[in-house]
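Trainee: Pasting a structure below so you can have a look.
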Amino acid sequence: MNIIIINGPNLNLLGVREPDIYGGETFDDFFERLQLDFPHVSLHYFQSNSEGAIIDKLHEVGFHFDGIILNAGAYTHTSIAIADAIASITTPVVEVHISNVFAREPFRHHSYIAPNCVGSIVGLGLQGYALAVEYFI
Ligand code: DQA
């Protein structure tokens, strides 16, 4: 089973960036633990700060992977292009947000991508990614 986590802008700075909101663990450390927790799943990871690179990756994996876990970061709230890319592919996408976007600024309350995803996991920290892997299993 092939599952990919795609993280969008500024999520390369997890562990350093606003730790009161996003926690103190780097994504690399979390991803190592995740791979140990799911040894029978082929877990892949991609991060980009560029909208086009995220769209290219969705196109690349989106017709043969079993699941995509997408935290599009701030593009969640702005990107019709990423929403269209999700609608264009056949692999199901689960949207994840580390923080509870609904408890934050109003501009974070709207997701362009949510209607094209099978579901969303919001506000449960990095554990949200693990729950999304469990969903696909
Ligand atoms: C985020 C929430 C977004 O609003 C924000 O722009 C991010 C991270 C989250 O994981 O909580 O970059 O997607």
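Residues in the structure tokens are numbered from 1 in each chain, the chains being A, B, ... in the order shown, and ligands are numbered from 1 in the order shown.
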Write as JSON, numbers by chain the residues around ligand 1, taking 12 Å as the cut-off and counting only C-alpha atoms and all ligand atoms.

Mentor: {"A": [6, 7, 8, 9, 10, 11, 12, 13, 14, 17, 18, 19, 20, 21, 22, 23, 27, 47, 48, 49, 69, 70, 71, 72, 73, 74, 75, 76, 77, 78, 79, 95, 96, 97, 98, 99, 100, 101, 102, 103, 104, 105, 106, 107, 108, 109, 110, 111, 112, 113, 120, 121, 122, 123, 124, 125, 126, 127, 128, 129]}

Trainee: Can you check which residues of chain A DSSP gives as alpha helix (DSSP H) on the backbone and send them as a PyMOL selection string?

Mentor: chain A and resi 19-22+27-37+51-61+80-88+127-136

Trainee: Using only C-alpha atoms, which of the listed residues (A:Asn116, A:Asn2, A:Ser88, A:Ser50) sits closest to His64 in chain A?

Mentor: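 Ranking A:Asn116, A:Asn2, A:Ser88, A:Ser50 by distance to His64 in chain A, first place goes to A:Asn2.
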
Trainee: Give me the residues near Ile68 in chain A as a ChimeraX atom specification, where near means some atom within 7 Å (using only C-alpha atoms) and where sequence neighbours in that chain fewer than 6 positions away do not count.

Mentor: /A:3-5,91-94

Trainee: Select from range 60-126 of chain A everything DSSP, run on the backbone, classes as strand (DSSP E or B), then give the selection as number ranges by chain.

Mentor: A: 67-71, 93-97, 119-122

Trainee: Mind writing the picked residues with all heavy atoms as a tab-separated table (two decimals), in the first residue's frame?

Mentor:
```tsv
chain	number	residue	atom	x	y	z
A	67	GLY	N	-3.47	6.34	-1.30
A	67	GLY	CA	-3.99	7.44	-0.50
A	67	GLY	C	-3.03	8.62	-0.48
A	67	GLY	O	-1.81	8.44	-0.56
A	68	ILE	N	-3.61	9.80	-0.38
A	68	ILE	CA	-2.82	11.03	-0.26
A	68	ILE	C	-3.30	11.76	0.99
A	68	ILE	O	-4.51	11.94	1.19
A	68	ILE	CB	-3.01	11.95	-1.49
A	68	ILE	CG1	-2.50	11.25	-2.76
A	68	ILE	CG2	-2.30	13.29	-1.28
A	68	ILE	CD1	-2.85	11.98	-4.05
A	69	ILE	N	-2.35	12.13	1.84
A	69	ILE	CA	-2.64	12.93	3.03
A	69	ILE	C	-2.06	14.31	2.77
A	69	ILE	O	-0.85	14.45	2.60
A	69	ILE	CB	-2.00	12.27	4.28
A	69	ILE	CG1	-2.57	10.86	4.48
A	69	ILE	CG2	-2.23	13.14	5.52
A	69	ILE	CD1	-1.76	10.00	5.45
A	70	LEU	N	-2.92	15.30	2.71
A	70	LEU	CA	-2.49	16.63	2.26
A	70	LEU	C	-2.72	17.68	3.34
A	70	LEU	O	-3.87	17.89	3.78
A	70	LEU	CB	-3.27	17.02	0.99
A	70	LEU	CG	-3.03	18.44	0.47
A	70	LEU	CD1	-1.57	18.65	0.05
A	70	LEU	CD2	-3.96	18.74	-0.71
A	71	ASN	N	-1.62	18.29	3.76
A	71	ASN	CA	-1.73	19.52	4.54
A	71	ASN	C	-1.22	20.63	3.63
A	71	ASN	O	0.00	20.81	3.47
A	71	ASN	CB	-0.90	19.44	5.82
A	71	ASN	CG	-1.07	20.68	6.69
A	71	ASN	OD1	-1.60	21.70	6.24
A	71	ASN	ND2	-0.62	20.61	7.93
A	93	VAL	N	-8.00	11.76	-1.26
A	93	VAL	CA	-7.17	12.70	-0.49
A	93	VAL	C	-7.85	12.98	0.86
A	93	VAL	O	-9.04	13.28	0.91
A	93	VAL	CB	-6.98	14.03	-1.25
A	93	VAL	CG1	-6.17	15.03	-0.42
A	93	VAL	CG2	-6.29	13.79	-2.60
A	94	VAL	N	-7.07	12.85	1.93
A	94	VAL	CA	-7.53	13.30	3.26
A	94	VAL	C	-6.80	14.59	3.59
A	94	VAL	O	-5.57	14.68	3.50
A	94	VAL	CB	-7.25	12.23	4.34
A	94	VAL	CG1	-7.49	12.81	5.74
A	94	VAL	CG2	-8.14	11.01	4.14
A	95	GLU	N	-7.56	15.59	3.96
A	95	GLU	CA	-7.00	16.89	4.36
A	95	GLU	C	-6.64	16.83	5.85
A	95	GLU	O	-7.45	16.37	6.66
A	95	GLU	CB	-8.07	17.96	4.12
A	95	GLU	CG	-7.70	19.34	4.63
A	95	GLU	CD	-8.87	20.34	4.48
A	95	GLU	OE1	-10.04	19.91	4.42
A	95	GLU	OE2	-8.59	21.54	4.42
A	96	VAL	N	-5.44	17.28	6.18
A	96	VAL	CA	-5.02	17.33	7.59
A	96	VAL	C	-4.56	18.75	7.93
A	96	VAL	O	-3.87	19.39	7.13
A	96	VAL	CB	-3.88	16.32	7.87
A	96	VAL	CG1	-3.22	16.58	9.22
A	96	VAL	CG2	-4.40	14.89	7.83
A	97	HIS	N	-4.96	19.21	9.10
A	97	HIS	CA	-4.39	20.44	9.67
A	97	HIS	C	-3.97	20.14	11.10
A	97	HIS	O	-4.75	19.56	11.87
A	97	HIS	CB	-5.39	21.59	9.64
A	97	HIS	CG	-5.74	21.99	8.24
A	97	HIS	ND1	-4.86	22.64	7.43
A	97	HIS	CD2	-6.85	21.75	7.51
A	97	HIS	CE1	-5.43	22.80	6.24
A	97	HIS	NE2	-6.62	22.27	6.26
A	119	GLY	N	-12.28	13.46	3.47
A	119	GLY	CA	-12.54	13.93	4.82
A	119	GLY	C	-11.42	14.83	5.29
A	119	GLY	O	-10.41	14.99	4.59
A	120	SER	N	-11.63	15.41	6.46
A	120	SER	CA	-10.64	16.34	7.02
A	120	SER	C	-10.39	15.99	8.48
A	120	SER	O	-11.32	15.66	9.22
A	120	SER	CB	-11.16	17.78	6.94
A	120	SER	OG	-11.49	18.12	5.61
A	121	ILE	N	-9.13	16.09	8.88
A	121	ILE	CA	-8.75	15.89	10.29
A	121	ILE	C	-8.08	17.19	10.73
A	121	ILE	O	-7.07	17.60	10.16
A	121	ILE	CB	-7.79	14.70	10.45
A	121	ILE	CG1	-8.45	13.41	9.95
A	121	ILE	CG2	-7.34	14.56	11.91
A	121	ILE	CD1	-7.52	12.21	9.87
A	122	VAL	N	-8.65	17.81	11.73
A	122	VAL	CA	-8.26	19.18	12.07
A	122	VAL	C	-8.00	19.30	13.57
A	122	VAL	O	-8.82	18.83	14.38
A	122	VAL	CB	-9.40	20.16	11.66
A	122	VAL	CG1	-9.16	21.55	12.20
A	122	VAL	CG2	-9.55	20.20	10.15
```

Trainee: Using only C-alpha atoms, which residues sit within 12 Å of Ala87 in chain A once same-chain residues fewer than 6 positions away are excluded, as a list of chain:residue names?

Mentor: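 With the cut-off at 12 Å, the set is A:Ile55, A:Leu58, A:His59, A:Gly62, A:Phe63, A:Ile80, A:Ala81, A:Val93, A:Tyr112, A:Ile113, A:Ala114, A:Pro115, A:Asn116, A:Cys117, A:Val118.
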
Trainee: Can those selected residues be exported to a file as a JSON list (two decimals), in the first residue's frame so that it contains C-alpha atoms?

Mentor:
```
[["chain", "number", "residue", "atom", "x", "y", "z"],
["A", 55, "ILE", "CA", 0.00, 20.30, -7.99],
["A", 58, "LEU", "CA", -0.67, 15.40, -6.93],
["A", 59, "HIS", "CA", -0.70, 14.65, -10.69],
["A", 62, "GLY", "CA", -2.76, 10.71, -8.00],
["A", 63, "PHE", "CA", -3.57, 7.87, -10.37],
["A", 80, "ILE", "CA", -8.59, 26.90, -6.38],
["A", 81, "ALA", "CA", -5.78, 25.33, -8.44],
["A", 93, "VAL", "CA", -7.17, 12.70, -0.49],
["A", 112, "TYR", "CA", -11.10, 25.42, -0.93],
["A", 113, "ILE", "CA", -9.85, 21.84, -0.91],
["A", 114, "ALA", "CA", -12.20, 20.25, 1.69],
["A", 115, "PRO", "CA", -15.13, 19.64, -0.73],
["A", 116, "ASN", "CA", -12.82, 17.57, -2.97],
["A", 117, "CYS", "CA", -11.36, 15.48, -0.12],
["A", 118, "VAL", "CA", -12.86, 12.33, 1.40]]
```
